[in-house]
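What follows is a set of notes on a single structure, which appears directly below.
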Amino acid sequence: MPKLEVRGLTKRFGGILALEDVSFDVEEGEIVGLIGPNGAGKTTVLNCISRFVPPDHGAIAYGQRQILRLARHDVVKAGIARTFQQAELFKTMTVLDNLLIGLHTEGQLGGIASRFSVPARWRTERRRHLRAAEVIEFLGLRDVQHQVASSLPFGLQKRVDVARALASTPRLILLDEPASGLSHEEVDELRQLIVSMRNDLKVTVLLVEHHMGLVMAASDRVVVLDFGRTIAEGTPQQVQADRKVIEAYLGEERPAV
Amino acid sequence: MGGIWQRARVSSLAWLGAALLLIIVPPWMAGGYRIFQFTFVVIYLIAILGLNIVTGYNGQFSLGHGAFYAVGAYVTGALMYHAGTPYWATIPLAGLTAGLVGFLFAIPALRLSGLYLALATLALAISVPQILKKWESVTGGVQGLVLTKPHSPIGALTSDQWLFYFTAVVALVLYIAAWVVLRSSVGRAFVAIRDNEVAAEAAGIPIARFKTLAFGMSAFYAGIAGSLSAFVVAYVAPDSFDFLLSLNLVVGMVVGGTGTIIGPALGAVFIEFLPSYSQDISRAAPGVVEGVVLVVFMYLMPTGVAGFLATAGRKALSLVRGRTVNHGAAGAVPPTLADQEPRAGPGEGG
Ligand SMILES: Nc1ncnc2c1ncn2[C@@H]1O[C@H](COP(=O)(O)OP(=O)(O)O)[C@@H](O)[C@H]1O
Ligand SMILES: [Mg+2]
């Protein structure tokens with residue numbers, strides 16, 4: 001059972017210490033919330049795990065794998081997919097094609113033969129379409145699947161971003177503020193989706209979120225960052241009662257729920 | 001699924017039919033110089049097709065494809081001139097050499113993007129003719145190499161007619177190859193990188209590999225175009241491959257429609273015939289006429305001729321079919337995540 005282990009992550013951007021000795025685990029099958037005020041370093045943690053940012057110190061293991069030894073494009077092959085705070089889509093492509101790109105690595109485990117044999121490529125392409133159709137169904141994107149991604153409202157774009165990450169059949173998904181910019185109802189749908197991802201698709205979730213209601217309702221465990229440091233960790237109830245957490249959020253936004 | 005496939009097959013058959021007509025008919029419409037011009041439309045088409053792969057689909061701006069074209073032309077020229085190689089046998093080597101040059105150029109160019117990449121390719125376009133001039137023993141220097149024009153192996157065809165058919169068949173093969181590649185997962189990865197490099201990499205696409213592949217493939221096409229031009233003109237000289245050639249290819253690509261399959265053909269017609277028609281309109285300042293036509297084109301068809309035709313076609317279709325087309329999609333209420341609840345419910349309970 002792969003477990004994500006983040007150990008002693010430290011990252012400095014010029015004069016800013018974005019992460020300082022951050023450590024936490026995500027067990028298989030968990031939904032872990034990673035919260036903290038703006039600029040706390042949440043996205044930087046995800047960027048380290050997905051290899052977009054090299055940390056100055058620290059280690060990240062996923063099962064037997066040392067993530068920091070992987071190339072950026074190999075992270076998804078290790079079973080870790082991510083979404084982006086700003087829904088980074090392939091804007092001229094249709095929703096379906098966005099998902100097919102999410103399935104790019106599908107069929108690449110078959111070795112050289114599968115890359116150069118035309119029938120094998122066709123079979124792979126067919127598998128991609130079947131898988132994309134499943135994910136489109138799961139996320140209720142059927143009616144917009146042939147629309148160009150950039151023509152969709154922001155809420156749907158964020159859902160496409162999640163869909164593309166899910167398409168790769170990850171074992172761990174990193175969600176970067178999936179609720180930002182969503183309406184009240186959309187946030188509720190999102191909560192159900194995240195829970196269903198874990199329960200039905202057996203995907204482990206690391207949920208970076210600013211929306212306290214969502215994190216507290218969906219997470220099994222919550223890790224709190226403030227100015228790049230872990231200030232609390234525990235169940236949603238424990239974290240909400242934590243004095244340091246309340247102080248960190250004072251003047252920011254009162255923890256809802 | 002079956003319906004889509006059937007439609008795809010019917011429309012690709014229609015395209016193939018149209019392509020065959022365009023291949024068979026032109027040499028009988030006119031003689032001599034006109035046929036030669038048609039042949040050049042085909043040659044430019046191949047080069048623009050190549051440029052379109054790297055710039056249109058992959059988003060790497062190249063102002064230097066004349067350089068790869070020149071490499072292809074000189075490989076063919078040198079082989080024919082020095083080794084007496086038959087013209088047709090030089091084509092693959094010309095393409096592969098240009099492709100290799102493009103691939104190697106792309107490796108350091110990976111660090112550049114946007115305007116910086118455009119400048120680097122511009123430098124390539126400017127320096128290659130200089131290098132060719134200096135390397136006299138092989139390239140014939142400023143004089144260039146005079147080649148023997150290929151004879152028609154078929155008695156009924158003149159040499160010009162034969163060369164048109166020959167280049168047209170090469171173009172058709174390359175067109176189909178490009179179509180197959182661009183519609184495969186490779187083409188999709190090219191576009192993904194153009195649209196959003198960060199997301200593409202997160203999706204598992206090795207950016208460097210696909211960018212160099214696109215450049216190499218693109219240069220391969222330009223090299224083949226150059227190779228064909230060498231024996232069609234029966235002469236290669238450095239001045240035929242100046243910066244204007246690179247610029248013309250960009251103009252052809254943009255006018256035809258960037259990132260489309262049909263665009264290169266339209267763009268090739270444009271860059272081959274615009275200069276001669278401009279001459280007819282104003283002998284004194286043909287450049288001005290070209291400039292004005294270009295501006296008007298871009299103003300009226302900002303997505304290129306191919307984009308314009310596609311939009312116009314869609315509008316015409318929806319006029320013919322009325323609104324029934326849209327009803328199917330608009331009528332249905334989009335399912336929301338709430339619809340998933342019955343599935344999520346039991347899982348949550350268990
Ligand atoms: N690429 C970067 N270059 C410079 N500074 C950065 C970069 N990414 C993040 N930072 C800084 O690091 C800190 C943490 O940012 P981030 O991880 O985005 O916070 P969060 O996602 O919690 O809002 C912020 O002060 C931010 O300005
Ligand atoms: Mg962030």
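Scheme for the structure tokens: letters A, B, ... for chains in order shown; per-chain residue numbers from 1; ligand numbers from 1 in order shown.
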
Exercise. Counting only C-alpha atoms and all ligand atoms, what residues are within 8 Å of ligand 2, given as JSON, numbers by chain?
Worked result: {"A": [38, 39, 41, 42, 43, 44, 85, 176, 177, 208]}

At a cut-off of 10 Å and counting only C-alpha atoms and all ligand atoms, what residues surround ligand 1? Please answer as a short mmCIF file (atom, residue, chain, number, x, y, z; two decimals) with all heavy atoms, in the first residue's frame.
data_model
loop_
_atom_site.label_atom_id
_atom_site.label_comp_id
_atom_site.auth_asym_id
_atom_site.auth_seq_id
_atom_site.Cartn_x
_atom_site.Cartn_y
_atom_site.Cartn_z
N LYS A 11 11.85 25.11 1.43
CA LYS A 11 12.02 25.80 0.15
C LYS A 11 12.08 27.30 0.35
O LYS A 11 11.24 27.88 1.02
CB LYS A 11 10.85 25.46 -0.79
CG LYS A 11 10.92 26.17 -2.12
CD LYS A 11 12.06 25.65 -2.99
CE LYS A 11 12.35 26.55 -4.17
NZ LYS A 11 13.48 26.06 -4.96
N ARG A 12 13.11 27.90 -0.21
CA ARG A 12 13.28 29.34 -0.11
C ARG A 12 13.16 29.96 -1.50
O ARG A 12 13.74 29.44 -2.45
CB ARG A 12 14.67 29.61 0.48
CG ARG A 12 14.95 31.05 0.83
CD ARG A 12 16.35 31.17 1.42
NE ARG A 12 16.42 30.78 2.82
CZ ARG A 12 16.03 31.57 3.83
NH1 ARG A 12 15.53 32.76 3.60
NH2 ARG A 12 16.14 31.15 5.07
N PHE A 13 12.34 30.99 -1.63
CA PHE A 13 12.30 31.77 -2.88
C PHE A 13 12.91 33.12 -2.58
O PHE A 13 12.25 33.97 -1.97
CB PHE A 13 10.86 31.99 -3.35
CG PHE A 13 10.15 30.76 -3.84
CD1 PHE A 13 9.11 30.20 -3.11
CD2 PHE A 13 10.52 30.16 -5.03
CE1 PHE A 13 8.45 29.08 -3.56
CE2 PHE A 13 9.86 29.02 -5.49
CZ PHE A 13 8.82 28.48 -4.75
N GLY A 14 14.16 33.33 -2.99
CA GLY A 14 14.81 34.59 -2.66
C GLY A 14 14.77 34.80 -1.16
O GLY A 14 15.25 33.96 -0.41
N GLY A 15 14.17 35.90 -0.71
CA GLY A 15 14.13 36.18 0.71
C GLY A 15 13.00 35.48 1.45
O GLY A 15 12.92 35.52 2.67
N ILE A 16 12.08 34.84 0.68
CA ILE A 16 10.91 34.25 1.33
C ILE A 16 11.14 32.78 1.64
O ILE A 16 11.52 32.01 0.77
CB ILE A 16 9.67 34.37 0.41
CG1 ILE A 16 9.36 35.84 0.13
CG2 ILE A 16 8.46 33.68 1.04
CD1 ILE A 16 8.38 36.02 -1.00
N LEU A 17 10.92 32.43 2.89
CA LEU A 17 11.01 31.03 3.26
C LEU A 17 9.60 30.44 3.08
O LEU A 17 8.73 30.58 3.93
CB LEU A 17 11.47 30.92 4.72
CG LEU A 17 11.92 29.54 5.19
CD1 LEU A 17 13.02 28.99 4.29
CD2 LEU A 17 12.41 29.60 6.63
N ALA A 18 9.37 29.82 1.91
CA ALA A 18 8.02 29.37 1.58
C ALA A 18 7.67 28.11 2.36
O ALA A 18 6.51 27.92 2.74
CB ALA A 18 7.90 29.12 0.09
N LEU A 19 8.65 27.25 2.58
CA LEU A 19 8.41 26.03 3.37
C LEU A 19 9.57 25.86 4.33
O LEU A 19 10.73 26.03 3.95
CB LEU A 19 8.33 24.79 2.47
CG LEU A 19 7.15 24.70 1.49
CD1 LEU A 19 7.28 23.43 0.67
CD2 LEU A 19 5.83 24.74 2.23
N LEU A 34 -5.05 19.99 3.43
CA LEU A 34 -3.87 20.80 3.72
C LEU A 34 -4.34 22.24 3.65
O LEU A 34 -4.69 22.73 2.58
CB LEU A 34 -2.77 20.51 2.67
CG LEU A 34 -1.45 21.27 2.81
CD1 LEU A 34 -0.77 20.96 4.13
CD2 LEU A 34 -0.52 20.91 1.65
N ILE A 35 -4.40 22.89 4.82
CA ILE A 35 -4.97 24.23 4.83
C ILE A 35 -3.98 25.24 5.37
O ILE A 35 -2.90 24.88 5.85
CB ILE A 35 -6.27 24.29 5.68
CG1 ILE A 35 -5.97 23.95 7.13
CG2 ILE A 35 -7.33 23.36 5.12
CD1 ILE A 35 -7.13 24.25 8.07
N GLY A 36 -4.35 26.49 5.28
CA GLY A 36 -3.49 27.55 5.78
C GLY A 36 -3.86 28.83 5.06
O GLY A 36 -4.43 28.80 3.97
N PRO A 37 -3.53 29.98 5.67
CA PRO A 37 -3.86 31.28 5.05
C PRO A 37 -3.15 31.43 3.71
O PRO A 37 -2.23 30.68 3.40
CB PRO A 37 -3.33 32.30 6.06
CG PRO A 37 -3.07 31.55 7.31
CD PRO A 37 -2.84 30.13 6.95
N ASN A 38 -3.56 32.41 2.93
CA ASN A 38 -2.90 32.70 1.66
C ASN A 38 -1.40 32.88 1.85
O ASN A 38 -0.98 33.54 2.78
CB ASN A 38 -3.47 33.99 1.06
CG ASN A 38 -4.46 33.68 -0.02
OD1 ASN A 38 -4.30 32.68 -0.73
ND2 ASN A 38 -5.48 34.50 -0.15
N GLY A 39 -0.62 32.27 0.96
CA GLY A 39 0.82 32.42 1.05
C GLY A 39 1.47 31.52 2.08
O GLY A 39 2.66 31.63 2.35
N ALA A 40 0.69 30.59 2.66
CA ALA A 40 1.23 29.72 3.69
C ALA A 40 2.20 28.69 3.12
O ALA A 40 3.02 28.12 3.85
CB ALA A 40 0.09 29.01 4.42
N GLY A 41 2.10 28.42 1.82
CA GLY A 41 3.01 27.45 1.21
C GLY A 41 2.33 26.19 0.72
O GLY A 41 3.00 25.22 0.35
N LYS A 42 1.00 26.20 0.66
CA LYS A 42 0.26 24.99 0.27
C LYS A 42 0.57 24.58 -1.17
O LYS A 42 0.89 23.42 -1.44
CB LYS A 42 -1.25 25.22 0.43
CG LYS A 42 -1.66 25.73 1.79
CD LYS A 42 -3.16 25.97 1.88
CE LYS A 42 -3.70 27.08 1.01
NZ LYS A 42 -3.27 28.44 1.38
N THR A 43 0.47 25.54 -2.07
CA THR A 43 0.73 25.22 -3.47
C THR A 43 2.18 24.77 -3.66
O THR A 43 2.47 23.87 -4.45
CB THR A 43 0.43 26.44 -4.37
OG1 THR A 43 -0.95 26.76 -4.25
CG2 THR A 43 0.75 26.16 -5.82
N THR A 44 3.07 25.38 -2.90
CA THR A 44 4.48 24.99 -3.01
C THR A 44 4.68 23.53 -2.61
O THR A 44 5.48 22.82 -3.23
CB THR A 44 5.36 25.93 -2.15
OG1 THR A 44 5.08 27.28 -2.53
CG2 THR A 44 6.82 25.64 -2.34
N VAL A 45 3.93 23.08 -1.60
CA VAL A 45 4.02 21.65 -1.24
C VAL A 45 3.59 20.79 -2.44
O VAL A 45 4.31 19.85 -2.82
CB VAL A 45 3.12 21.33 -0.02
CG1 VAL A 45 3.01 19.83 0.19
CG2 VAL A 45 3.67 22.00 1.23
N LEU A 46 2.47 21.13 -3.05
CA LEU A 46 2.02 20.36 -4.22
C LEU A 46 3.03 20.44 -5.36
O LEU A 46 3.30 19.46 -6.04
CB LEU A 46 0.65 20.85 -4.72
CG LEU A 46 -0.56 20.63 -3.83
CD1 LEU A 46 -1.84 20.74 -4.66
CD2 LEU A 46 -0.51 19.29 -3.13
N ASN A 47 3.59 21.64 -5.54
CA ASN A 47 4.58 21.79 -6.60
C ASN A 47 5.83 20.94 -6.36
O ASN A 47 6.46 20.48 -7.30
CB ASN A 47 4.98 23.27 -6.75
CG ASN A 47 3.93 24.06 -7.50
OD1 ASN A 47 3.08 23.48 -8.18
ND2 ASN A 47 3.98 25.38 -7.38
N CYS A 48 6.17 20.75 -5.09
CA CYS A 48 7.31 19.88 -4.79
C CYS A 48 6.97 18.43 -5.10
O CYS A 48 7.76 17.72 -5.71
CB CYS A 48 7.72 20.00 -3.32
SG CYS A 48 8.52 21.57 -2.92
N PHE A 52 7.34 20.33 -9.84
CA PHE A 52 7.43 21.61 -10.53
C PHE A 52 8.40 22.54 -9.83
O PHE A 52 8.94 23.46 -10.44
CB PHE A 52 6.05 22.27 -10.67
CG PHE A 52 5.30 21.72 -11.84
CD1 PHE A 52 4.41 20.67 -11.69
CD2 PHE A 52 5.51 22.22 -13.11
CE1 PHE A 52 3.75 20.14 -12.78
CE2 PHE A 52 4.86 21.70 -14.21
CZ PHE A 52 3.97 20.65 -14.05
N VAL A 53 8.62 22.28 -8.56
CA VAL A 53 9.55 23.10 -7.78
C VAL A 53 10.49 22.16 -7.04
O VAL A 53 10.04 21.24 -6.37
CB VAL A 53 8.76 23.97 -6.77
CG1 VAL A 53 9.66 24.47 -5.67
CG2 VAL A 53 8.08 25.13 -7.48
N GLN A 85 -4.64 25.36 -9.25
CA GLN A 85 -5.47 26.38 -8.62
C GLN A 85 -6.25 27.16 -9.69
O GLN A 85 -7.40 27.49 -9.50
CB GLN A 85 -4.56 27.32 -7.83
CG GLN A 85 -5.27 28.09 -6.75
CD GLN A 85 -4.29 28.75 -5.79
OE1 GLN A 85 -3.15 28.32 -5.65
NE2 GLN A 85 -4.73 29.79 -5.12
N ASP A 176 -5.55 21.30 -5.91
CA ASP A 176 -5.15 22.62 -5.44
C ASP A 176 -6.33 23.59 -5.48
O ASP A 176 -6.71 24.07 -6.53
CB ASP A 176 -3.99 23.17 -6.27
CG ASP A 176 -3.29 24.34 -5.57
OD1 ASP A 176 -3.79 24.77 -4.51
OD2 ASP A 176 -2.24 24.79 -6.06
N GLU A 177 -6.88 23.85 -4.33
CA GLU A 177 -8.04 24.74 -4.16
C GLU A 177 -9.12 24.49 -5.21
O GLU A 177 -9.48 25.40 -5.97
CB GLU A 177 -7.58 26.21 -4.20
CG GLU A 177 -6.53 26.48 -3.15
CD GLU A 177 -6.56 27.89 -2.57
OE1 GLU A 177 -7.55 28.60 -2.79
OE2 GLU A 177 -5.60 28.25 -1.88
N VAL A 208 -5.75 20.52 -0.97
CA VAL A 208 -5.33 21.85 -0.56
C VAL A 208 -6.54 22.75 -0.71
O VAL A 208 -7.17 22.77 -1.77
CB VAL A 208 -4.18 22.36 -1.45
CG1 VAL A 208 -4.03 23.86 -1.30
CG2 VAL A 208 -2.89 21.67 -1.08
N GLU A 209 -6.91 23.46 0.33
CA GLU A 209 -8.14 24.23 0.22
C GLU A 209 -8.13 25.43 1.15
O GLU A 209 -7.52 25.42 2.20
CB GLU A 209 -9.32 23.31 0.52
CG GLU A 209 -10.68 23.73 0.01
CD GLU A 209 -10.70 24.57 -1.24
OE1 GLU A 209 -10.68 25.81 -1.13
OE2 GLU A 209 -10.76 23.98 -2.32
N HIS A 210 -8.82 26.43 0.69
CA HIS A 210 -8.96 27.64 1.48
C HIS A 210 -10.33 27.62 2.14
O HIS A 210 -10.56 28.25 3.15
CB HIS A 210 -8.84 28.84 0.54
CG HIS A 210 -8.34 30.05 1.22
ND1 HIS A 210 -7.02 30.18 1.62
CD2 HIS A 210 -8.95 31.19 1.60
CE1 HIS A 210 -6.88 31.34 2.21
NE2 HIS A 210 -8.02 31.98 2.21
N LEU A 225 -0.80 24.64 7.67
CA LEU A 225 0.44 25.36 7.43
C LEU A 225 0.23 26.83 7.74
O LEU A 225 -0.84 27.38 7.50
CB LEU A 225 0.84 25.27 5.95
CG LEU A 225 1.44 23.99 5.39
CD1 LEU A 225 1.85 24.24 3.94
CD2 LEU A 225 2.64 23.55 6.20
N ASP A 226 1.28 27.47 8.27
CA ASP A 226 1.25 28.91 8.41
C ASP A 226 2.67 29.42 8.23
O ASP A 226 3.60 28.91 8.87
CB ASP A 226 0.70 29.31 9.79
CG ASP A 226 0.41 30.80 9.87
OD1 ASP A 226 0.14 31.39 8.79
OD2 ASP A 226 0.45 31.36 10.97
N PHE A 227 2.87 30.38 7.34
CA PHE A 227 4.20 30.86 7.02
C PHE A 227 5.18 29.72 6.78
O PHE A 227 6.31 29.73 7.28
CB PHE A 227 4.73 31.80 8.12
CG PHE A 227 3.96 33.08 8.19
CD1 PHE A 227 3.14 33.37 9.28
CD2 PHE A 227 4.03 34.00 7.13
CE1 PHE A 227 2.43 34.56 9.33
CE2 PHE A 227 3.31 35.19 7.18
CZ PHE A 227 2.51 35.48 8.27
N GLY A 228 4.74 28.71 6.05
CA GLY A 228 5.66 27.64 5.66
C GLY A 228 5.93 26.60 6.72
O GLY A 228 6.76 25.71 6.50
#

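Taking only C-alpha atoms, the non-local environment of Phe84 (chain A) within 10 Å (same-chain residues fewer than 4 positions away omitted) comprises Thr43, Leu46, Asn47, Glu88, Leu89, Lys158, Asp161, Val162, Ala165, Leu174, Leu175, Asp176, Glu177 and Pro178 of chain A; Val198, Ala199 and Ala202 of chain B.
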
With N, CA and C atoms retained, write the just-selected residues as a CSV table (one decimal), in the first residue's frame.
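Now in out.csv:
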chain,number,residue,atom,x,y,z
A,43,THR,N,0.5,25.5,-2.1
A,43,THR,CA,0.7,25.2,-3.5
A,43,THR,C,2.2,24.8,-3.7
A,46,LEU,N,2.5,21.1,-3.1
A,46,LEU,CA,2.0,20.4,-4.2
A,46,LEU,C,3.0,20.4,-5.4
A,47,ASN,N,3.6,21.6,-5.5
A,47,ASN,CA,4.6,21.8,-6.6
A,47,ASN,C,5.8,20.9,-6.4
A,88,GLU,N,-5.6,24.8,-15.1
A,88,GLU,CA,-4.8,24.9,-16.3
A,88,GLU,C,-5.2,23.9,-17.4
A,89,LEU,N,-6.0,24.4,-18.3
A,89,LEU,CA,-6.5,23.5,-19.4
A,89,LEU,C,-5.8,23.7,-20.7
A,158,LYS,N,-12.9,24.0,-13.9
A,158,LYS,CA,-12.3,23.4,-12.8
A,158,LYS,C,-12.6,21.9,-12.7
A,161,ASP,N,-10.6,20.1,-15.1
A,161,ASP,CA,-9.2,19.9,-14.6
A,161,ASP,C,-9.2,18.7,-13.7
A,162,VAL,N,-10.2,18.5,-12.9
A,162,VAL,CA,-10.2,17.3,-12.0
A,162,VAL,C,-10.4,16.1,-12.9
A,165,ALA,N,-7.2,15.0,-14.4
A,165,ALA,CA,-6.3,14.3,-13.5
A,165,ALA,C,-6.8,12.9,-13.2
A,174,LEU,N,-3.8,15.2,-6.1
A,174,LEU,CA,-3.5,16.4,-5.4
A,174,LEU,C,-4.4,17.5,-6.0
A,175,LEU,N,-5.3,18.0,-5.1
A,175,LEU,CA,-6.2,19.0,-5.6
A,175,LEU,C,-5.8,20.3,-5.0
A,176,ASP,N,-5.5,21.3,-5.9
A,176,ASP,CA,-5.1,22.6,-5.4
A,176,ASP,C,-6.3,23.6,-5.5
A,177,GLU,N,-6.9,23.8,-4.3
A,177,GLU,CA,-8.0,24.7,-4.2
A,177,GLU,C,-9.1,24.5,-5.2
A,178,PRO,N,-9.7,23.3,-5.2
A,178,PRO,CA,-10.7,23.0,-6.2
A,178,PRO,C,-12.0,23.8,-6.0
B,198,VAL,N,2.8,23.6,-18.9
B,198,VAL,CA,2.8,23.1,-17.6
B,198,VAL,C,1.8,21.9,-17.4
B,199,ALA,N,0.6,22.1,-17.9
B,199,ALA,CA,-0.4,21.1,-17.7
B,199,ALA,C,0.0,19.8,-18.6
B,202,ALA,N,2.5,17.9,-16.6
B,202,ALA,CA,1.9,17.3,-15.5
B,202,ALA,C,1.1,16.0,-16.0

Problem set entry | Close residues, Gln157 (chain A) itself excluded, 10 Å, only C-alpha atoms, min 6 positions apart in chain, as a PyMOL selection string | chain A and resi 86-89+91+95+149-151+163

Go through chain A and flag each residue having an atom no more than 9 Å from chain B; for those, report the closest pair of atoms plus their distance in Å to one decimal, using only C-alpha atoms, ordered by chain and rising number, as CSV.
residue,atom,partner,partner_atom,distance
A:Ser50,CA,B:Ala202,CA,7.4
A:Arg51,CA,B:Ala202,CA,8.9
A:Phe52,CA,B:Val198,CA,8.6
A:Ala71,CA,B:Pro206,CA,8.8
A:Arg72,CA,B:Glu201,CA,6.6
A:His73,CA,B:Gly204,CA,4.0
A:Asp74,CA,B:Gly204,CA,5.9
A:Val75,CA,B:Gly204,CA,7.2
A:Val76,CA,B:Gly204,CA,5.8
A:Lys77,CA,B:Gly204,CA,7.0
A:Ala81,CA,B:Ala202,CA,7.4
A:Arg82,CA,B:Ala202,CA,7.3
A:Thr83,CA,B:Ala199,CA,8.7
A:Phe84,CA,B:Ala199,CA,8.4
A:Glu88,CA,B:Ala199,CA,6.0
A:Leu89,CA,B:Asn196,CA,6.8
A:Phe90,CA,B:Asp195,CA,5.0
A:Lys91,CA,B:Asp195,CA,6.1
A:Thr92,CA,B:Asp195,CA,6.8
A:Met93,CA,B:Ala192,CA,8.1
A:Asp97,CA,B:Arg188,CA,7.8
A:Asn98,CA,B:Ala192,CA,8.3
A:Leu100,CA,B:Ser185,CA,8.4
A:Ile101,CA,B:Ala203,CA,6.7
A:Gly102,CA,B:Ala203,CA,5.2
A:Leu103,CA,B:Ala203,CA,7.5
A:His104,CA,B:Gly204,CA,6.5
A:Thr105,CA,B:Gly204,CA,6.0
A:Arg121,CA,B:Ser184,CA,8.8
A:Glu125,CA,B:Ser185,CA,7.6
A:Phe138,CA,B:Gln340,CA,7.4
A:Leu139,CA,B:Leu337,CA,6.4
A:Gly140,CA,B:Pro335,CA,5.4
A:Leu141,CA,B:Pro335,CA,7.7
A:Arg142,CA,B:Pro334,CA,7.9
A:Asp143,CA,B:Pro334,CA,6.1
A:Val144,CA,B:Pro334,CA,8.4
A:Arg164,CA,B:Ala203,CA,8.2
A:Ala165,CA,B:Ala203,CA,7.6
A:Ser168,CA,B:Ala203,CA,7.9
A:Glu186,CA,B:Leu337,CA,8.6
A:Asp188,CA,B:Ala338,CA,8.8
A:Glu189,CA,B:Leu337,CA,5.4
A:Leu190,CA,B:Leu337,CA,7.5
A:Gln192,CA,B:Ala344,CA,7.1
A:Leu193,CA,B:Leu337,CA,6.8
A:Val195,CA,B:Ala344,CA,7.4
A:Ser196,CA,B:Ala344,CA,5.0
A:Met197,CA,B:Ala344,CA,8.7
A:Asn199,CA,B:Gly347,CA,5.5
A:Asp200,CA,B:Gly347,CA,6.6

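Counting from CA of Ala125 (chain B), the distance to CA of Arg183 (chain B) is 29.6 Å.
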
For this session: For Gly216 (chain B), list every protein, DNA or RNA residue within 9 Å, evaluated using only C-alpha atoms, and leave out those in the same chain fewer than 6 positions away; present the list as an NGL selection string.
Result: :B and (54 or 96 or 98-106)

For this session: Report as an MDAnalysis selection string: the residues of region 4-202 of chain A with a DSSP assignment of alpha helix (DSSP H), based on the backbone of this structure.
Result: chainID A and resid 42:49 95:102 112:116 118:138 154:167 184:201

For this session: Give me the residues within 12 Å of Val224 (chain A) as a ChimeraX atom specification, counting only C-alpha atoms and dropping any in the same chain fewer than 4 places off.
Result: /A:22-24,32-38,40-42,207-210,212,215-216,228-236,238-240,242-249

As a PDB file with N, CA, C and O atoms, in the first residue's frame, list the residues of region 137-291 of chain B assigned to strand (DSSP E or B) by DSSP on the backbone atoms of this structure.
ATOM      1  N   LEU B 145      25.044  25.266 -58.196  1.00  0.00           N
ATOM      2  CA  LEU B 145      25.236  24.033 -58.965  1.00  0.00           C
ATOM      3  C   LEU B 145      24.152  23.958 -60.046  1.00  0.00           C
ATOM      4  O   LEU B 145      22.969  24.068 -59.754  1.00  0.00           O
ATOM      5  N   VAL B 146      24.598  23.762 -61.278  1.00  0.00           N
ATOM      6  CA  VAL B 146      23.627  23.589 -62.359  1.00  0.00           C
ATOM      7  C   VAL B 146      23.369  22.097 -62.532  1.00  0.00           C
ATOM      8  O   VAL B 146      24.304  21.315 -62.683  1.00  0.00           O
ATOM      9  N   TYR B 235      18.654  23.785 -60.627  1.00  0.00           N
ATOM     10  CA  TYR B 235      19.704  24.727 -60.256  1.00  0.00           C
ATOM     11  C   TYR B 235      19.576  25.031 -58.766  1.00  0.00           C
ATOM     12  O   TYR B 235      18.465  25.254 -58.277  1.00  0.00           O
ATOM     13  N   VAL B 236      20.699  24.988 -58.054  1.00  0.00           N
ATOM     14  CA  VAL B 236      20.648  25.470 -56.668  1.00  0.00           C
ATOM     15  C   VAL B 236      21.681  26.561 -56.481  1.00  0.00           C
ATOM     16  O   VAL B 236      22.831  26.412 -56.899  1.00  0.00           O
TER      17      VAL B 236
END

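For the choices B:Tyr175, B:Tyr44, B:Phe273, B:Tyr87, the atom-to-atom distance to Ala19 (chain B) is smallest for B:Tyr175 when using only C-alpha atoms.
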
Seminar exercise, completed: From CA of Ile46 (chain B) to CA of Thr167 (chain B) the spacing works out at 9.4 Å

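Residues in contact with region 57-66 of chain B at 7 Å, where only C-alpha atoms are counted and same-chain residues fewer than 2 positions away are skipped, are listed as B:Leu51, B:Asn52, B:Ile53, B:Val54, B:Thr55, B:Phe68, B:Tyr69, B:Ala70, B:Gly114, B:Leu117, B:Ala118, B:Thr121, B:Leu122, B:Leu124, B:Ala125, B:Phe190, B:Val191, B:Ile193, B:Arg194, B:Ala214, B:Ala222, B:Phe241, B:Phe243, B:Leu245, B:Ser246, B:Leu247, B:Val250, B:Gly259.
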